[in-house]
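Peer 1: If it helps, the file is called model31.pdb and holds PDB, C-alpha atoms:
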ATOM      1  CA  MET W   1     121.696 211.437 132.695
ATOM      2  CA  ASN W   2     119.226 208.620 133.320
ATOM      3  CA  LYS W   3     115.630 208.645 132.205
ATOM      4  CA  ILE W   4     114.263 209.249 135.731
ATOM      5  CA  VAL W   5     116.344 212.409 136.242
ATOM      6  CA  LEU W   6     115.462 213.631 132.748
ATOM      7  CA  SER W   7     111.756 213.088 133.437
ATOM      8  CA  VAL W   8     112.003 215.062 136.692
ATOM      9  CA  ILE W   9     113.748 217.977 134.938
ATOM     10  CA  VAL W  10     111.172 218.009 132.136
ATOM     11  CA  ALA W  11     108.348 217.933 134.697
ATOM     12  CA  LEU W  12     109.898 220.839 136.574
ATOM     13  CA  ILE W  13     110.262 222.878 133.378
ATOM     14  CA  ILE W  14     106.666 222.165 132.388
ATOM     15  CA  GLY W  15     105.507 223.114 135.907
ATOM     16  CA  ILE W  16     107.423 226.384 135.775
ATOM     17  CA  VAL W  17     106.002 227.224 132.344
ATOM     18  CA  ILE W  18     102.444 226.394 133.422
ATOM     19  CA  GLY W  19     102.891 228.323 136.678
ATOM     20  CA  TYR W  20     104.234 231.329 134.807
ATOM     21  CA  GLY W  21     101.343 231.159 132.380
ATOM     22  CA  VAL W  22      98.758 230.955 135.147
ATOM     23  CA  GLY W  23     100.465 233.787 137.023
ATOM     24  CA  ALA W  24     100.604 235.945 133.895
ATOM     25  CA  PHE W  25      96.922 235.247 133.247
ATOM     26  CA  ILE W  26      95.974 236.257 136.803
ATOM     27  CA  TYR W  27      98.179 239.346 136.610
ATOM     28  CA  GLN W  28      96.697 240.407 133.271
ATOM     29  CA  ASN W  29      93.203 239.812 134.598
ATOM     30  CA  GLN W  30      93.943 242.057 137.571
ATOM     31  CA  ILE W  31      95.309 244.720 135.217
ATOM     32  CA  ASN W  32      92.154 244.517 133.099
ATOM     33  CA  ILE W  33      89.968 244.893 136.190
ATOM     34  CA  LEU W  34      92.028 247.907 137.282
ATOM     35  CA  LYS W  35      91.776 249.459 133.818
ATOM     36  CA  GLU W  36      88.029 249.012 133.889
ATOM     37  CA  LYS W  37      87.874 250.843 137.225
ATOM     38  CA  LEU W  38      90.109 253.630 135.934
ATOM     39  CA  ASN W  39      88.308 253.942 132.626
ATOM     40  CA  PRO W  40      84.558 253.820 133.224
ATOM     41  CA  LYS W  41      83.980 255.240 129.719
ATOM     42  CA  VAL W  42      82.655 258.527 131.031
ATOM     43  CA  LEU W  43      82.898 260.102 127.590
ATOM     44  CA  GLU W  44      80.680 257.421 126.079
ATOM     45  CA  LYS W  45      78.076 258.135 128.746
ATOM     46  CA  ILE W  46      78.241 261.887 128.087
ATOM     47  CA  LYS W  47      78.019 261.422 124.309
ATOM     48  CA  SER W  48      75.119 259.006 124.658
ATOM     49  CA  ARG W  49      73.301 261.511 126.887
ATOM     50  CA  GLY W  50      74.048 264.308 124.448
ATOM     51  CA  LYS W  51      75.149 266.830 127.050
ATOM     52  CA  LEU W  52      77.953 267.610 129.463
ATOM     53  CA  ILE W  53      76.612 268.397 132.947
ATOM     54  CA  VAL W  54      78.790 270.868 134.801
ATOM     55  CA  GLY W  55      78.561 271.923 138.443
ATOM     56  CA  THR W  56      79.448 275.457 139.543
ATOM     57  CA  SER W  57      78.624 278.092 142.150
ATOM     58  CA  ALA W  58      77.577 281.272 140.374
ATOM     59  CA  ASP W  59      78.567 283.829 143.015
ATOM     60  CA  TRP W  60      82.253 284.254 142.210
ATOM     61  CA  PRO W  61      82.762 286.880 139.495
ATOM     62  CA  PRO W  62      84.461 287.012 137.051
ATOM     63  CA  PHE W  63      84.635 283.198 137.057
ATOM     64  CA  GLU W  64      80.880 282.615 137.328
ATOM     65  CA  TRP W  65      77.902 284.806 138.080
ATOM     66  CA  ILE W  66      74.286 285.323 136.997
ATOM     67  CA  ASP W  67      73.564 287.712 134.131
ATOM     68  CA  ASN W  68      69.971 288.068 132.928
ATOM     69  CA  GLY W  69      69.083 284.728 134.451
ATOM     70  CA  GLN W  70      71.982 282.899 132.821
ATOM     71  CA  VAL W  71      75.163 281.579 134.440
ATOM     72  CA  VAL W  72      78.104 283.256 132.694
ATOM     73  CA  GLY W  73      81.784 283.878 133.309
ATOM     74  CA  ILE W  74      85.287 282.656 132.606
ATOM     75  CA  ASP W  75      84.647 279.109 133.810
ATOM     76  CA  ILE W  76      81.459 278.821 131.782
ATOM     77  CA  GLU W  77      83.292 279.827 128.597
ATOM     78  CA  ILE W  78      85.906 277.144 129.272
ATOM     79  CA  ALA W  79      83.129 274.607 129.892
ATOM     80  CA  LYS W  80      81.567 275.549 126.533
ATOM     81  CA  ARG W  81      84.863 274.758 124.781
ATOM     82  CA  ILE W  82      85.005 271.366 126.491
ATOM     83  CA  ALA W  83      81.427 270.528 125.494
ATOM     84  CA  ASP W  84      82.198 271.580 121.917
ATOM     85  CA  LYS W  85      85.297 269.367 121.903
ATOM     86  CA  ILE W  86      83.203 266.384 122.993
ATOM     87  CA  GLY W  87      80.436 267.321 120.546
ATOM     88  CA  VAL W  88      77.585 267.694 123.032
ATOM     89  CA  GLU W  89      75.447 270.421 124.570
ATOM     90  CA  LEU W  90      76.330 272.063 127.872
ATOM     91  CA  GLU W  91      74.130 271.999 130.967
ATOM     92  CA  ILE W  92      75.087 274.116 133.984
ATOM     93  CA  LYS W  93      73.966 273.208 137.490
ATOM     94  CA  ASP W  94      74.336 276.120 139.901
ATOM     95  CA  MET W  95      74.631 275.074 143.542
ATOM     96  CA  LYS W  96      76.372 275.878 146.805
ATOM     97  CA  PHE W  97      80.140 275.617 146.502
ATOM     98  CA  SER W  98      80.238 273.316 149.517
ATOM     99  CA  ALA W  99      77.914 270.856 147.731
ATOM    100  CA  LEU W 100      79.917 270.543 144.505
ATOM    101  CA  ILE W 101      82.266 267.694 145.406
ATOM    102  CA  GLU W 102      79.474 265.506 146.768
ATOM    103  CA  ALA W 103      77.442 266.234 143.624
ATOM    104  CA  LEU W 104      80.370 265.024 141.515
ATOM    105  CA  LYS W 105      80.944 261.912 143.615
ATOM    106  CA  ASN W 106      77.237 261.040 143.354
ATOM    107  CA  ASP W 107      77.112 261.461 139.537
ATOM    108  CA  MET W 108      74.889 264.537 139.658
ATOM    109  CA  VAL W 109      77.467 266.355 137.507
ATOM    110  CA  ASP W 110      80.262 265.224 135.184
ATOM    111  CA  MET W 111      82.775 267.839 136.286
ATOM    112  CA  ILE W 112      83.214 270.880 138.530
ATOM    113  CA  ILE W 113      84.457 274.194 137.216
ATOM    114  CA  ALA W 114      84.270 276.896 139.874
ATOM    115  CA  ASP W 115      87.743 278.393 140.314
ATOM    116  CA  ILE W 116      88.361 275.361 142.520
ATOM    117  CA  SER W 117      91.897 274.768 143.798
ATOM    118  CA  PRO W 118      93.377 271.265 144.013
ATOM    119  CA  THR W 119      94.264 270.474 147.619
ATOM    120  CA  SER W 120      95.466 267.288 149.287
ATOM    121  CA  LYS W 121      92.135 267.025 151.114
ATOM    122  CA  ARG W 122      90.109 267.386 147.918
ATOM    123  CA  GLU W 123      92.354 264.988 146.000
ATOM    124  CA  LEU W 124      91.339 262.246 148.406
ATOM    125  CA  GLN W 125      87.827 262.562 146.979
ATOM    126  CA  VAL W 126      88.121 263.686 143.347
ATOM    127  CA  ASP W 127      90.664 264.066 140.559
ATOM    128  CA  PHE W 128      91.856 267.291 138.914
ATOM    129  CA  SER W 129      92.856 268.489 135.475
ATOM    130  CA  ILE W 130      95.983 270.480 134.753
ATOM    131  CA  PRO W 131      95.650 274.050 136.094
ATOM    132  CA  TYR W 132      94.280 276.822 133.886
ATOM    133  CA  TYR W 133      94.856 279.761 136.229
ATOM    134  CA  PHE W 134      97.404 280.777 138.866
ATOM    135  CA  THR W 135      97.093 283.464 141.536
ATOM    136  CA  LYS W 136      99.550 284.793 144.080
ATOM    137  CA  GLY W 137      97.121 284.370 146.923
ATOM    138  CA  ASN W 138      93.970 285.327 148.767
ATOM    139  CA  VAL W 139      93.186 288.718 150.236
ATOM    140  CA  ILE W 140      91.489 290.293 153.220
ATOM    141  CA  VAL W 141      88.823 292.763 152.075
ATOM    142  CA  ILE W 142      87.524 295.401 154.478
ATOM    143  CA  LEU W 143      85.587 298.671 154.471
ATOM    144  CA  SER W 144      87.670 301.549 153.101
ATOM    145  CA  ASP W 145      87.551 303.501 156.372
ATOM    146  CA  LYS W 146      88.786 300.612 158.535
ATOM    147  CA  ASN W 147      92.370 300.249 159.722
ATOM    148  CA  ILE W 148      93.214 296.549 159.501
ATOM    149  CA  MET W 149      96.768 295.897 158.320
ATOM    150  CA  SER W 150      97.820 292.474 159.631
ATOM    151  CA  VAL W 151      96.515 289.112 160.768
ATOM    152  CA  LYS W 152      96.750 290.235 164.395
ATOM    153  CA  ASP W 153      94.422 293.142 163.578
ATOM    154  CA  LEU W 154      91.784 290.506 162.746
ATOM    155  CA  TYR W 155      91.847 289.082 166.273
ATOM    156  CA  GLY W 156      88.541 289.647 168.027
ATOM    157  CA  LYS W 157      86.860 290.495 164.730
ATOM    158  CA  LYS W 158      84.108 288.789 162.716
ATOM    159  CA  ILE W 159      85.503 287.250 159.552
ATOM    160  CA  GLY W 160      83.369 286.096 156.602
ATOM    161  CA  VAL W 161      84.359 283.144 154.395
ATOM    162  CA  GLN W 162      82.594 280.981 151.863
ATOM    163  CA  LEU W 163      81.760 277.506 153.140
ATOM    164  CA  GLY W 164      83.965 274.723 151.774
ATOM    165  CA  THR W 165      86.662 276.966 150.300
ATOM    166  CA  ILE W 166      90.414 277.263 150.765
ATOM    167  CA  GLN W 167      89.652 280.682 152.225
ATOM    168  CA  GLN W 168      87.699 278.982 154.996
ATOM    169  CA  ASP W 169      90.612 276.580 155.508
ATOM    170  CA  TRP W 170      93.016 279.498 155.911
ATOM    171  CA  ALA W 171      90.728 281.324 158.348
ATOM    172  CA  GLU W 172      90.244 278.259 160.522
ATOM    173  CA  ALA W 173      93.963 277.510 160.548
ATOM    174  CA  ASN W 174      94.988 281.062 161.448
ATOM    175  CA  LEU W 175      92.057 282.743 163.182
ATOM    176  CA  LYS W 176      89.898 280.076 164.797
ATOM    177  CA  ASN W 177      91.201 280.656 168.324
ATOM    178  CA  TYR W 178      91.235 284.429 168.029
ATOM    179  CA  SER W 179      88.330 285.557 165.830
ATOM    180  CA  THR W 180      84.739 284.686 165.023
ATOM    181  CA  ILE W 181      84.551 282.939 161.654
ATOM    182  CA  ILE W 182      81.183 283.164 159.911
ATOM    183  CA  THR W 183      80.507 281.019 156.841
ATOM    184  CA  TYR W 184      78.299 281.940 153.897
ATOM    185  CA  ASP W 185      77.039 279.900 150.964
ATOM    186  CA  LYS W 186      77.509 282.696 148.440
ATOM    187  CA  VAL W 187      80.148 285.395 148.150
ATOM    188  CA  TYR W 188      78.495 287.858 145.781
ATOM    189  CA  PRO W 189      76.293 289.546 146.602
ATOM    190  CA  ASP W 190      75.525 287.898 149.971
ATOM    191  CA  MET W 191      78.852 288.040 151.811
ATOM    192  CA  ILE W 192      79.839 291.386 150.308
ATOM    193  CA  PHE W 193      76.467 292.862 151.312
ATOM    194  CA  VAL W 194      76.867 291.952 154.993
ATOM    195  CA  LEU W 195      80.423 293.321 154.948
ATOM    196  CA  LYS W 196      79.193 296.658 153.578
ATOM    197  CA  ARG W 197      76.388 296.694 156.149
ATOM    198  CA  GLY W 198      78.895 296.282 158.949
ATOM    199  CA  ASP W 199      77.718 292.881 160.195
ATOM    200  CA  ILE W 200      81.236 291.508 159.759
ATOM    201  CA  ASP W 201      84.650 293.191 159.798
ATOM    202  CA  ALA W 202      86.415 291.479 156.907
ATOM    203  CA  VAL W 203      86.096 288.760 154.271
ATOM    204  CA  VAL W 204      88.667 286.391 152.798
ATOM    205  CA  ILE W 205      88.384 285.948 149.021
ATOM    206  CA  SER W 206      90.671 285.309 146.064
ATOM    207  CA  GLU W 207      92.754 288.088 144.565
ATOM    208  CA  GLN W 208      91.070 288.050 141.144
ATOM    209  CA  VAL W 209      87.558 288.084 142.592
ATOM    210  CA  ALA W 210      88.480 290.929 144.942
ATOM    211  CA  ASN W 211      89.985 292.987 142.131
ATOM    212  CA  VAL W 212      86.812 292.915 140.022
ATOM    213  CA  ILE W 213      84.362 293.336 142.900
ATOM    214  CA  LEU W 214      86.231 296.366 144.253
ATOM    215  CA  GLN W 215      85.941 298.103 140.901
ATOM    216  CA  LYS W 216      82.165 298.096 141.418
ATOM    217  CA  GLU W 217      82.204 298.492 145.192
ATOM    218  CA  PRO W 218      84.235 301.665 145.921
ATOM    219  CA  GLY W 219      83.512 301.464 149.646
ATOM    220  CA  LEU W 220      85.786 298.445 149.997
ATOM    221  CA  LYS W 221      89.536 297.880 149.837
ATOM    222  CA  ILE W 222      92.127 295.103 150.000
ATOM    223  CA  ALA W 223      93.863 295.203 153.375
ATOM    224  CA  PHE W 224      96.604 292.624 152.716
ATOM    225  CA  TYR W 225      97.398 289.226 151.186
ATOM    226  CA  VAL W 226      97.218 285.959 153.098
ATOM    227  CA  GLY W 227      98.308 282.427 152.347
ATOM    228  CA  GLY W 228     100.472 281.474 149.404
ATOM    229  CA  PRO W 229     100.020 281.068 145.649
ATOM    230  CA  SER W 230      97.212 278.819 144.456
ATOM    231  CA  MET W 231      95.852 277.477 141.193
ATOM    232  CA  SER W 232      92.519 276.670 139.598
ATOM    233  CA  ALA W 233      91.704 273.377 137.886
ATOM    234  CA  ILE W 234      88.687 271.338 136.833
ATOM    235  CA  ALA W 235      87.534 268.495 139.067
ATOM    236  CA  VAL W 236      86.354 265.154 137.695
ATOM    237  CA  LYS W 237      85.356 261.930 139.362
ATOM    238  CA  ASN W 238      88.198 259.581 140.309
ATOM    239  CA  GLY W 239      88.934 257.284 137.377
ATOM    240  CA  ALA W 240      87.394 259.538 134.714
ATOM    241  CA  GLU W 241      90.644 259.497 132.763
ATOM    242  CA  ASP W 242      88.972 259.751 129.351
ATOM    243  CA  LEU W 243      87.109 262.936 130.300
ATOM    244  CA  LYS W 244      90.167 264.395 132.033
ATOM    245  CA  TYR W 245      92.217 263.783 128.883
ATOM    246  CA  VAL W 246      89.818 265.870 126.785
ATOM    247  CA  ILE W 247      89.660 268.600 129.446
ATOM    248  CA  ASN W 248      93.465 268.777 129.539
ATOM    249  CA  GLN W 249      93.546 268.992 125.741
ATOM    250  CA  VAL W 250      91.170 271.960 125.759
ATOM    251  CA  ILE W 251      93.070 273.757 128.519
ATOM    252  CA  GLU W 252      96.382 273.258 126.723
ATOM    253  CA  GLU W 253      94.923 274.539 123.440
ATOM    254  CA  LEU W 254      93.413 277.615 125.120
ATOM    255  CA  LEU W 255      96.649 278.448 126.932
ATOM    256  CA  GLU W 256      98.959 277.873 123.972
ATOM    257  CA  SER W 257      96.797 279.827 121.512
ATOM    258  CA  GLY W 258      96.319 282.794 123.837
ATOM    259  CA  GLU W 259      92.548 282.267 123.799
ATOM    260  CA  MET W 260      92.500 281.668 127.559
ATOM    261  CA  GLN W 261      93.686 285.231 128.162
ATOM    262  CA  ASN W 262      91.073 286.498 125.685
ATOM    263  CA  ILE W 263      88.368 284.695 127.678
ATOM    264  CA  PHE W 264      89.593 286.291 130.902
ATOM    265  CA  ASN W 265      89.695 289.762 129.364
ATOM    266  CA  LYS W 266      86.261 289.434 127.775
ATOM    267  CA  GLU W 267      84.514 288.091 130.884
ATOM    268  CA  ILE W 268      86.134 290.611 133.224
ATOM    269  CA  ASP W 269      84.988 293.365 130.873
ATOM    270  CA  ARG W 270      81.487 291.876 130.770
ATOM    271  CA  TRP W 271      81.324 291.842 134.569
ATOM    272  CA  LEU W 272      82.498 295.422 134.890
ATOM    273  CA  LYS W 273      79.903 296.600 132.370
ATOM    274  CA  LYS W 274      77.119 294.703 134.117
ATOM    275  CA  THR W 275      74.694 297.121 135.776
TER     276      THR W 275
END
Give the structure from this file in structure tokens form.

Peer 2:
Amino acid sequence: MNKIVLSVIVALIIGIVIGYGVGAFIYQNQINILKEKLNPKVLEKIKSRGKLIVGTSADWPPFEWIDNGQVVGIDIEIAKRIADKIGVELEIKDMKFSALIEALKNDMVDMIIADISPTSKRELQVDFSIPYYFTKGNVIVILSDKNIMSVKDLYGKKIGVQLGTIQQDWAEANLKNYSTIITYDKVYPDMIFVLKRGDIDAVVISEQVANVILQKEPGLKIAFYVGGPSMSAIAVKNGAEDLKYVINQVIEELLESGEMQNIFNKEIDRWLKKT
């Protein structure tokens, strides 16, 4: 092999090595940028502030409701455990359910806990923790003396749903062309009150919420189930992986220890004893 050929080979090898190094540097830099986007150090911000700001809609017992001027319920107890895990105080912001996701996206709250179900539409906007509650579906609630037994019986009727919920999604998908769908910002007491007054014929709410409300509202009954099983999770801003990690830890600990069920039992009992 002559010197010219050897020089060319050496030059090619050096070029490949340099090119690989430059490429690896660019690739690693892109990875670092991506990591920075996915890890905005939300926990550091929360710890520096000294409080975890949580968004909810306190009209959905037993998950959240107002008791003596304070927001209480299953979700609030879970939020307390998360704040304790982080080592900060808890601040609750009560707002319309339909405003929660925008509040999270605009940094008004750090997370949403409001018996909110992960859906493909919502996951385009925010991220979700692992689920902490499962239900077999939503229900149609009507006055006890009414005879509504199927979806077709709802045709031509006025149906109440909470704005921005999966219950609204179901109603619009199944009843929009046949019934009048009326949206409300708050379920309890607002939507239940107008149902009892006869302004609307039925409401669509979750099974658990219906079960506890009906124990205090004997003039109502569950007509039938609609939709399929759903789950509840905690929403965080996209990229808030550090906060989501802690939230998932707390949920896992509560589920594995049995404390989650204790929270449910205690808060349901508190609601039922509320005058």

Peer 1: For the contact check between region 210-250 of chain W and region 121-130 of chain W, emit one row per residue of region 210-250 of chain W within 8 Å, containing the shortest atom pair and the distance in Å rounded to one decimal, counting only C-alpha atoms, chain then rising number order, as a Markdown table.

Peer 2:
| residue | atom | partner | partner_atom | distance |
| --- | --- | --- | --- | --- |
| W:Ala233 | CA | W:Ser129 | CA | 5.6 |
| W:Ile234 | CA | W:Ser129 | CA | 5.2 |
| W:Ala235 | CA | W:Phe128 | CA | 4.5 |
| W:Val236 | CA | W:Asp127 | CA | 5.3 |
| W:Lys237 | CA | W:Val126 | CA | 5.2 |
| W:Asn238 | CA | W:Val126 | CA | 5.1 |
| W:Gly239 | CA | W:Asp127 | CA | 7.7 |
| W:Lys244 | CA | W:Ser129 | CA | 6.0 |
| W:Ile247 | CA | W:Ser129 | CA | 6.8 |
| W:Asn248 | CA | W:Ser129 | CA | 6.0 |

Peer 1: Just the number, please: distance in Å from CA of Asn106 (chain W) to CA of Pro118 (chain W), one decimal.

Peer 2: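 Calculated distance between CA of Asn106 (chain W) and CA of Pro118 (chain W) is 19.1 Å.
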
Peer 1: Exactly which residues make up the result of the PyMOL selection byres ((chain W and resi 252) around 12) on this file, given as JSON, numbers by chain?

Peer 2: {"W": [78, 81, 82, 129, 130, 131, 132, 133, 245, 246, 247, 248, 249, 250, 251, 253, 254, 255, 256, 257, 258, 259, 260]}

Peer 1: Kindly extract all protein, DNA and RNA residues lying within 10 Å of the coordinates (86.7, 278.1, 151.3) given in the file, considering only C-alpha atoms, and supply them as a list in words.

Peer 2: Phe97, Ser98, Ile116, Ser117, Val161, Gln162, Leu163, Gly164, Thr165, Ile166, Gln167, Gln168, Asp169, Trp170, Ala171, Glu172, Thr183, Tyr184, Asp185, Val204, Ile205 and Ser206 of chain W

Peer 1: Dig up all the protein and nucleic acid residues within 9 Å of (89.9, 284.6, 169.1) in the file frame, using only C-alpha atoms, and format them as JSON, numbers by chain.

Peer 2: {"W": [154, 155, 156, 157, 175, 176, 177, 178, 179, 180]}

Peer 1: Mind dumping the selected residues with C-alpha atoms as a CSV table (one decimal), in the coordinates of the input?

Peer 2:
chain,number,residue,atom,x,y,z
W,154,LEU,CA,91.8,290.5,162.7
W,155,TYR,CA,91.8,289.1,166.3
W,156,GLY,CA,88.5,289.6,168.0
W,157,LYS,CA,86.9,290.5,164.7
W,175,LEU,CA,92.1,282.7,163.2
W,176,LYS,CA,89.9,280.1,164.8
W,177,ASN,CA,91.2,280.7,168.3
W,178,TYR,CA,91.2,284.4,168.0
W,179,SER,CA,88.3,285.6,165.8
W,180,THR,CA,84.7,284.7,165.0

Peer 1: Write out as JSON, numbers by chain the residues lying within 9 Å of Asn147 (chain W), counting only C-alpha atoms and excluding same-chain residues fewer than 5 positions away.

Peer 2: {"W": [142, 153, 223]}

Peer 1: Given all atoms listed in the file as the basis, pick out the residue of W:Ala99, W:Ala114, W:Ile86, W:Val203 nearest to Lys45 (chain W).

Peer 2: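 Smallest separation from Lys45 (chain W) among the options: W:Ile86.
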
Peer 1: Can you turn the PyMOL selection byres ((chain W and resi 64-71) around 10) into a concrete residue list for this file, as a ChimeraX atom specification?

Peer 2: /W:56-63,72-77,92-94,113-115,188-189,267,270-271,274-275

Peer 1: One number please: CA of Pro229 (chain W) to CA of Glu102 (chain W), in Å, one decimal.

Peer 2: 25.8 Å

Peer 1: Provide the CA of Leu104 (chain W) to CA of Ala79 (chain W) distance in Å, to one decimal place.

Peer 2: 15.3 Å

Peer 1: Calculated over only C-alpha atoms, which of the candidates W:Gly227, W:Leu220, W:Val139, W:Leu214 has the smallest distance to Leu272 (chain W)?

Peer 2: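 Result for the nearest residue to Leu272 (chain W): W:Leu214.
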
Peer 1: Looking at W:Ala173, W:Ile112, W:Leu195, W:Ile222, which one is nearest to Val141 (chain W), with distances taken over all atoms listed in the file?

Peer 2: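 Closest to Val141 (chain W) of all the choices is W:Ile222.
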
Peer 1: Regenerate region 198-206 of chain W at the level of all heavy atoms and dump it as a PDB file, in the frame of the given file.

Peer 2:
ATOM      1  N   GLY W 198      78.189 296.215 157.678  1.00  0.00           N
ATOM      2  CA  GLY W 198      78.895 296.282 158.949  1.00  0.00           C
ATOM      3  C   GLY W 198      78.649 295.110 159.872  1.00  0.00           C
ATOM      4  O   GLY W 198      79.076 295.128 161.037  1.00  0.00           O
ATOM      5  N   ASP W 199      77.983 294.058 159.365  1.00  0.00           N
ATOM      6  CA  ASP W 199      77.718 292.881 160.195  1.00  0.00           C
ATOM      7  C   ASP W 199      78.994 292.097 160.485  1.00  0.00           C
ATOM      8  O   ASP W 199      79.085 291.400 161.502  1.00  0.00           O
ATOM      9  CB  ASP W 199      76.712 291.958 159.507  1.00  0.00           C
ATOM     10  CG  ASP W 199      75.348 292.601 159.333  1.00  0.00           C
ATOM     11  OD1 ASP W 199      75.148 293.710 159.882  1.00  0.00           O
ATOM     12  OD2 ASP W 199      74.488 292.018 158.667  1.00  0.00           O
ATOM     13  N   ILE W 200      79.944 292.160 159.576  1.00  0.00           N
ATOM     14  CA  ILE W 200      81.236 291.508 159.759  1.00  0.00           C
ATOM     15  C   ILE W 200      82.335 292.538 159.487  1.00  0.00           C
ATOM     16  O   ILE W 200      82.080 293.587 158.891  1.00  0.00           O
ATOM     17  CB  ILE W 200      81.410 290.274 158.846  1.00  0.00           C
ATOM     18  CG1 ILE W 200      81.185 290.639 157.369  1.00  0.00           C
ATOM     19  CG2 ILE W 200      80.468 289.155 159.263  1.00  0.00           C
ATOM     20  CD1 ILE W 200      81.377 289.478 156.413  1.00  0.00           C
ATOM     21  N   ASP W 201      83.554 292.224 159.905  1.00  0.00           N
ATOM     22  CA  ASP W 201      84.650 293.191 159.798  1.00  0.00           C
ATOM     23  C   ASP W 201      85.532 292.988 158.568  1.00  0.00           C
ATOM     24  O   ASP W 201      86.202 293.924 158.134  1.00  0.00           O
ATOM     25  CB  ASP W 201      85.525 293.103 161.054  1.00  0.00           C
ATOM     26  CG  ASP W 201      84.737 293.415 162.317  1.00  0.00           C
ATOM     27  OD1 ASP W 201      84.344 294.577 162.497  1.00  0.00           O
ATOM     28  OD2 ASP W 201      84.506 292.467 163.107  1.00  0.00           O
ATOM     29  N   ALA W 202      85.550 291.771 158.050  1.00  0.00           N
ATOM     30  CA  ALA W 202      86.415 291.479 156.907  1.00  0.00           C
ATOM     31  C   ALA W 202      85.945 290.188 156.245  1.00  0.00           C
ATOM     32  O   ALA W 202      85.232 289.381 156.848  1.00  0.00           O
ATOM     33  CB  ALA W 202      87.869 291.331 157.359  1.00  0.00           C
ATOM     34  N   VAL W 203      86.352 290.013 154.977  1.00  0.00           N
ATOM     35  CA  VAL W 203      86.096 288.760 154.271  1.00  0.00           C
ATOM     36  C   VAL W 203      87.404 288.279 153.653  1.00  0.00           C
ATOM     37  O   VAL W 203      88.298 289.084 153.376  1.00  0.00           O
ATOM     38  CB  VAL W 203      85.013 288.901 153.169  1.00  0.00           C
ATOM     39  CG1 VAL W 203      83.692 289.327 153.770  1.00  0.00           C
ATOM     40  CG2 VAL W 203      85.448 289.888 152.090  1.00  0.00           C
ATOM     41  N   VAL W 204      87.500 286.978 153.457  1.00  0.00           N
ATOM     42  CA  VAL W 204      88.667 286.391 152.798  1.00  0.00           C
ATOM     43  C   VAL W 204      88.202 285.844 151.459  1.00  0.00           C
ATOM     44  O   VAL W 204      87.347 284.957 151.408  1.00  0.00           O
ATOM     45  CB  VAL W 204      89.284 285.248 153.634  1.00  0.00           C
ATOM     46  CG1 VAL W 204      90.647 284.859 153.061  1.00  0.00           C
ATOM     47  CG2 VAL W 204      89.409 285.642 155.096  1.00  0.00           C
ATOM     48  N   ILE W 205      88.741 286.405 150.370  1.00  0.00           N
ATOM     49  CA  ILE W 205      88.384 285.948 149.021  1.00  0.00           C
ATOM     50  C   ILE W 205      89.636 285.910 148.153  1.00  0.00           C
ATOM     51  O   ILE W 205      90.699 286.368 148.567  1.00  0.00           O
ATOM     52  CB  ILE W 205      87.292 286.833 148.369  1.00  0.00           C
ATOM     53  CG1 ILE W 205      87.725 288.300 148.337  1.00  0.00           C
ATOM     54  CG2 ILE W 205      85.977 286.681 149.089  1.00  0.00           C
ATOM     55  CD1 ILE W 205      86.696 289.228 147.691  1.00  0.00           C
ATOM     56  N   SER W 206      89.513 285.397 146.946  1.00  0.00           N
ATOM     57  CA  SER W 206      90.671 285.309 146.064  1.00  0.00           C
ATOM     58  C   SER W 206      91.014 286.679 145.488  1.00  0.00           C
ATOM     59  O   SER W 206      90.172 287.574 145.392  1.00  0.00           O
ATOM     60  CB  SER W 206      90.412 284.318 144.928  1.00  0.00           C
ATOM     61  OG  SER W 206      89.624 284.909 143.922  1.00  0.00           O
TER      62      SER W 206
END
